[in-house]
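Enquirer: Could you have a look at this structure, given as structure tokens, before my questions?
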Amino acid sequence: MATLRPVTSTDATSALERVRAELARAGHADGIVELATDVPTAAAAAEQLGCQVGAIANSLVFEADGAPLLVVASGGHRVDVRKAARHAGVRKVRRATPEFVYEATGQRVGGVAPVGHPAPLRTLVDTALADHAEVWAGAGVAYAMFRTTFAELVTLTGGEAVEVGA
């Protein structure tokens, strides 16, 4: 199971604490697990957590006609940006720069959580995550995750459940 790792960065501490606070406000039990190493990919997270890669809820920020769009996607596939654009009702969706991601979320690429952002983000939640009884989402830093369900993830994010996989 996961080995605890102390938080060493003020930036990381505040991102992790914002996620923890948001989960507490929503009534979610504090199930944040801090891992011994960073898990910047779904495969690395699944290996550390002992789950299927498809049960990893990747929080990916895109730029949708200049505005941030959060897509919480199953780690089992890639996001089809054309599908995401159709669902969001925008002309173009493209991967955001690390600076754009940080500005929108207050979190660094590789550890973005679906919650704990400075302001709510328009969110699409991948219906493929519903195939798993439990899913794991990032907790604001590259070495922390929290356990949830697909339904709870939709509620926590205020997101729209849609098919986004390529």
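By order of appearance in the structure tokens: chains A, B, ..., then residues from 1 within every chain, and ligands from 1 in the order shown.
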May I have all residues of segment 32-161 of chain A that DSSP, computed from the backbone, assigns to alpha helix (DSSP H), given as a PyMOL selection string?

Expert: chain A and resi 42-49+81-88+98-105+150-157

Enquirer: Residues as selected, N, CA, C and O atoms, written as a compact mmCIF listing (two decimals), in the first residue's frame, can you do that?

Expert:
```txt
# COMPACT_ATOMS: atom_id res chain seq x y z
N ALA A 42 -1.21 8.19 -15.44
CA ALA A 42 -2.23 7.24 -14.98
C ALA A 42 -1.62 5.87 -14.73
O ALA A 42 -1.97 5.21 -13.75
N ALA A 43 -0.70 5.45 -15.58
CA ALA A 43 -0.07 4.14 -15.41
C ALA A 43 0.72 4.08 -14.10
O ALA A 43 0.65 3.10 -13.36
N ALA A 44 1.47 5.14 -13.80
CA ALA A 44 2.24 5.18 -12.55
C ALA A 44 1.32 5.18 -11.34
O ALA A 44 1.58 4.48 -10.35
N ALA A 45 0.23 5.93 -11.42
CA ALA A 45 -0.73 5.98 -10.30
C ALA A 45 -1.39 4.61 -10.10
O ALA A 45 -1.50 4.13 -8.97
N ALA A 46 -1.82 3.98 -11.20
CA ALA A 46 -2.47 2.67 -11.09
C ALA A 46 -1.53 1.64 -10.48
O ALA A 46 -1.95 0.83 -9.65
N GLU A 47 -0.27 1.69 -10.88
CA GLU A 47 0.70 0.75 -10.33
C GLU A 47 0.86 0.96 -8.82
O GLU A 47 0.85 0.00 -8.05
N GLN A 48 1.00 2.19 -8.39
CA GLN A 48 1.17 2.50 -6.96
C GLN A 48 -0.08 2.14 -6.15
O GLN A 48 0.02 1.70 -5.02
N LEU A 49 -1.26 2.36 -6.73
CA LEU A 49 -2.52 2.16 -6.00
C LEU A 49 -3.08 0.75 -6.15
O LEU A 49 -4.03 0.39 -5.45
N VAL A 81 -10.34 15.62 -28.59
CA VAL A 81 -10.61 17.05 -28.43
C VAL A 81 -11.79 17.51 -29.28
O VAL A 81 -12.46 18.48 -28.92
N ARG A 82 -12.08 16.83 -30.36
CA ARG A 82 -13.24 17.20 -31.18
C ARG A 82 -14.54 16.89 -30.42
O ARG A 82 -15.48 17.69 -30.43
N LYS A 83 -14.58 15.73 -29.78
CA LYS A 83 -15.74 15.39 -28.95
C LYS A 83 -15.89 16.39 -27.81
O LYS A 83 -16.99 16.86 -27.51
N ALA A 84 -14.78 16.71 -27.17
CA ALA A 84 -14.81 17.66 -26.05
C ALA A 84 -15.32 19.02 -26.52
O ALA A 84 -16.14 19.65 -25.84
N ALA A 85 -14.88 19.46 -27.67
CA ALA A 85 -15.33 20.75 -28.22
C ALA A 85 -16.83 20.73 -28.49
O ALA A 85 -17.54 21.69 -28.16
N ARG A 86 -17.32 19.62 -29.06
CA ARG A 86 -18.76 19.50 -29.33
C ARG A 86 -19.56 19.57 -28.03
O ARG A 86 -20.55 20.29 -27.93
N HIS A 87 -19.11 18.80 -27.03
CA HIS A 87 -19.81 18.78 -25.74
C HIS A 87 -19.78 20.15 -25.07
O HIS A 87 -20.76 20.55 -24.43
N ALA A 88 -18.67 20.86 -25.20
CA ALA A 88 -18.52 22.17 -24.56
C ALA A 88 -19.14 23.30 -25.38
O ALA A 88 -19.27 24.42 -24.88
N PRO A 98 1.47 24.65 -19.40
CA PRO A 98 1.59 24.52 -17.94
C PRO A 98 1.25 25.83 -17.21
O PRO A 98 0.66 25.79 -16.13
N GLU A 99 1.59 26.95 -17.78
CA GLU A 99 1.29 28.24 -17.17
C GLU A 99 -0.21 28.49 -17.13
O GLU A 99 -0.75 28.97 -16.12
N PHE A 100 -0.90 28.16 -18.21
CA PHE A 100 -2.35 28.31 -18.29
C PHE A 100 -3.02 27.41 -17.26
O PHE A 100 -3.96 27.82 -16.57
N VAL A 101 -2.54 26.17 -17.14
CA VAL A 101 -3.08 25.21 -16.17
C VAL A 101 -2.92 25.75 -14.76
O VAL A 101 -3.87 25.74 -13.96
N TYR A 102 -1.72 26.23 -14.43
CA TYR A 102 -1.46 26.74 -13.09
C TYR A 102 -2.33 27.96 -12.78
O TYR A 102 -2.90 28.07 -11.69
N GLU A 103 -2.47 28.85 -13.75
CA GLU A 103 -3.30 30.03 -13.54
C GLU A 103 -4.76 29.65 -13.28
O GLU A 103 -5.43 30.23 -12.43
N ALA A 104 -5.27 28.65 -14.01
CA ALA A 104 -6.67 28.24 -13.87
C ALA A 104 -6.93 27.42 -12.61
O ALA A 104 -8.01 27.50 -12.04
N THR A 105 -5.93 26.63 -12.19
CA THR A 105 -6.16 25.67 -11.10
C THR A 105 -5.40 25.96 -9.82
O THR A 105 -5.76 25.45 -8.76
N PHE A 150 -17.53 7.52 -9.58
CA PHE A 150 -17.90 8.32 -10.75
C PHE A 150 -19.00 9.32 -10.38
O PHE A 150 -18.88 10.52 -10.66
N ALA A 151 -20.06 8.84 -9.74
CA ALA A 151 -21.19 9.72 -9.39
C ALA A 151 -20.74 10.84 -8.47
O ALA A 151 -21.13 12.00 -8.65
N GLU A 152 -19.91 10.52 -7.49
CA GLU A 152 -19.44 11.55 -6.57
C GLU A 152 -18.55 12.55 -7.30
O GLU A 152 -18.60 13.75 -7.03
N LEU A 153 -17.75 12.08 -8.25
CA LEU A 153 -16.87 12.96 -9.02
C LEU A 153 -17.69 13.97 -9.82
O LEU A 153 -17.36 15.16 -9.88
N VAL A 154 -18.77 13.51 -10.43
CA VAL A 154 -19.65 14.41 -11.17
C VAL A 154 -20.23 15.47 -10.22
O VAL A 154 -20.24 16.65 -10.53
N THR A 155 -20.66 15.03 -9.04
CA THR A 155 -21.22 15.96 -8.05
C THR A 155 -20.16 16.92 -7.53
O THR A 155 -20.40 18.14 -7.46
N LEU A 156 -18.99 16.40 -7.16
CA LEU A 156 -17.92 17.26 -6.62
C LEU A 156 -17.52 18.36 -7.60
O LEU A 156 -17.24 19.48 -7.18
N THR A 157 -17.45 18.02 -8.87
CA THR A 157 -16.98 18.97 -9.87
C THR A 157 -18.09 19.84 -10.45
O THR A 157 -17.81 20.84 -11.11
```

Enquirer: Within 8 Å of His117 of chain A, counting only C-alpha atoms, which residues show up once you throw out same-chain ones fewer than 2 positions away? Write them as a VMD selection string, please.

Expert: chain A and resid 18 to 19 104 to 107 115 119 to 121

Enquirer: Got a sec to tell me which of segment 22-86 of chain A DSSP assigns to strand (DSSP E), as an mmCIF file with C-alpha atoms, in the first residue's frame?

Expert:
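To be explicit, this is the file written out as out.cif:
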```
data_model
loop_
_atom_site.group_PDB
_atom_site.id
_atom_site.type_symbol
_atom_site.label_atom_id
_atom_site.label_comp_id
_atom_site.auth_asym_id
_atom_site.auth_seq_id
_atom_site.Cartn_x
_atom_site.Cartn_y
_atom_site.Cartn_z
ATOM 1 C CA ILE A 32 -6.273 11.500 0.404
ATOM 2 C CA VAL A 33 -3.357 9.124 0.075
ATOM 3 C CA GLU A 34 0.147 10.560 -0.147
ATOM 4 C CA ILE A 56 -7.521 6.712 -12.665
ATOM 5 C CA ALA A 57 -9.404 9.986 -13.184
ATOM 6 C CA ASN A 58 -6.961 12.255 -15.013
ATOM 7 C CA SER A 59 -7.737 15.947 -14.518
ATOM 8 C CA LEU A 60 -6.669 17.537 -17.778
ATOM 9 C CA VAL A 61 -7.005 21.243 -18.443
ATOM 10 C CA PHE A 62 -7.616 22.355 -22.000
ATOM 11 C CA GLU A 63 -7.978 25.755 -23.560
ATOM 12 C CA ALA A 64 -11.456 25.998 -25.087
ATOM 13 C CA ALA A 67 -11.215 29.686 -21.527
ATOM 14 C CA PRO A 68 -10.177 26.806 -19.267
ATOM 15 C CA LEU A 69 -12.014 23.512 -19.690
ATOM 16 C CA LEU A 70 -11.353 20.689 -17.243
ATOM 17 C CA VAL A 71 -11.778 17.198 -18.650
ATOM 18 C CA VAL A 72 -11.701 14.459 -16.028
ATOM 19 C CA ALA A 73 -10.826 11.483 -18.211
ATOM 20 C CA SER A 74 -10.294 7.805 -17.618
#
```

Enquirer: Would you mind listing what lies within 7 Å of Asp80 of chain A as a PDB file with N, CA, C and O atoms, in the first residue's frame, with only C-alpha atoms counted and same-chain residues fewer than 6 positions away left out?

Expert:
```pdb
ATOM      1  N   VAL A 164     -15.740  11.125 -23.707  1.00  0.00           N
ATOM      2  CA  VAL A 164     -14.672  11.972 -24.247  1.00  0.00           C
ATOM      3  C   VAL A 164     -13.516  11.185 -24.859  1.00  0.00           C
ATOM      4  O   VAL A 164     -12.590  11.768 -25.399  1.00  0.00           O
ATOM      5  N   GLY A 165     -13.565   9.867 -24.757  1.00  0.00           N
ATOM      6  CA  GLY A 165     -12.446   9.048 -25.201  1.00  0.00           C
ATOM      7  C   GLY A 165     -12.283   8.962 -26.694  1.00  0.00           C
ATOM      8  O   GLY A 165     -13.241   8.995 -27.452  1.00  0.00           O
ATOM      9  N   ALA A 166     -11.003   8.857 -27.093  1.00  0.00           N
ATOM     10  CA  ALA A 166     -10.668   8.696 -28.504  1.00  0.00           C
ATOM     11  C   ALA A 166     -10.716   7.234 -28.868  1.00  0.00           C
ATOM     12  O   ALA A 166     -10.523   6.375 -28.074  1.00  0.00           O
TER      13      ALA A 166
END
```

Enquirer: Pick out the closest residue to Gly116 of chain A from this set: A:Leu129, A:Gly140, A:Arg94, A:Ala26. Count only C-alpha atoms.

Expert: A:Gly140

Enquirer: In Å, with one decimal, what is the gap from atom CA of Asp65 of chain A to atom CA of Thr97 of chain A?

Expert: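 Atom CA of Thr97 of chain A lies at a distance of 13.9 Å from atom CA of Asp65 of chain A.
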
Enquirer: Between atom CA of Ala96 of chain A and atom CA of Gly111 of chain A, what distance in Å does the model show, to one decimal?

Expert: 14.6 Å

Enquirer: Ala29 of chain A: which residues within 10 Å, counting only C-alpha atoms, same-chain residues fewer than 3 positions away excluded, as a ChimeraX atom specification?

Expert: /A:20,23-26,32,146-148

Enquirer: Have a look at A:Thr127, A:His28, A:Ala113, A:Gly50 and name the one nearest to His77 of chain A; count only C-alpha atoms.

Expert: A:Thr127
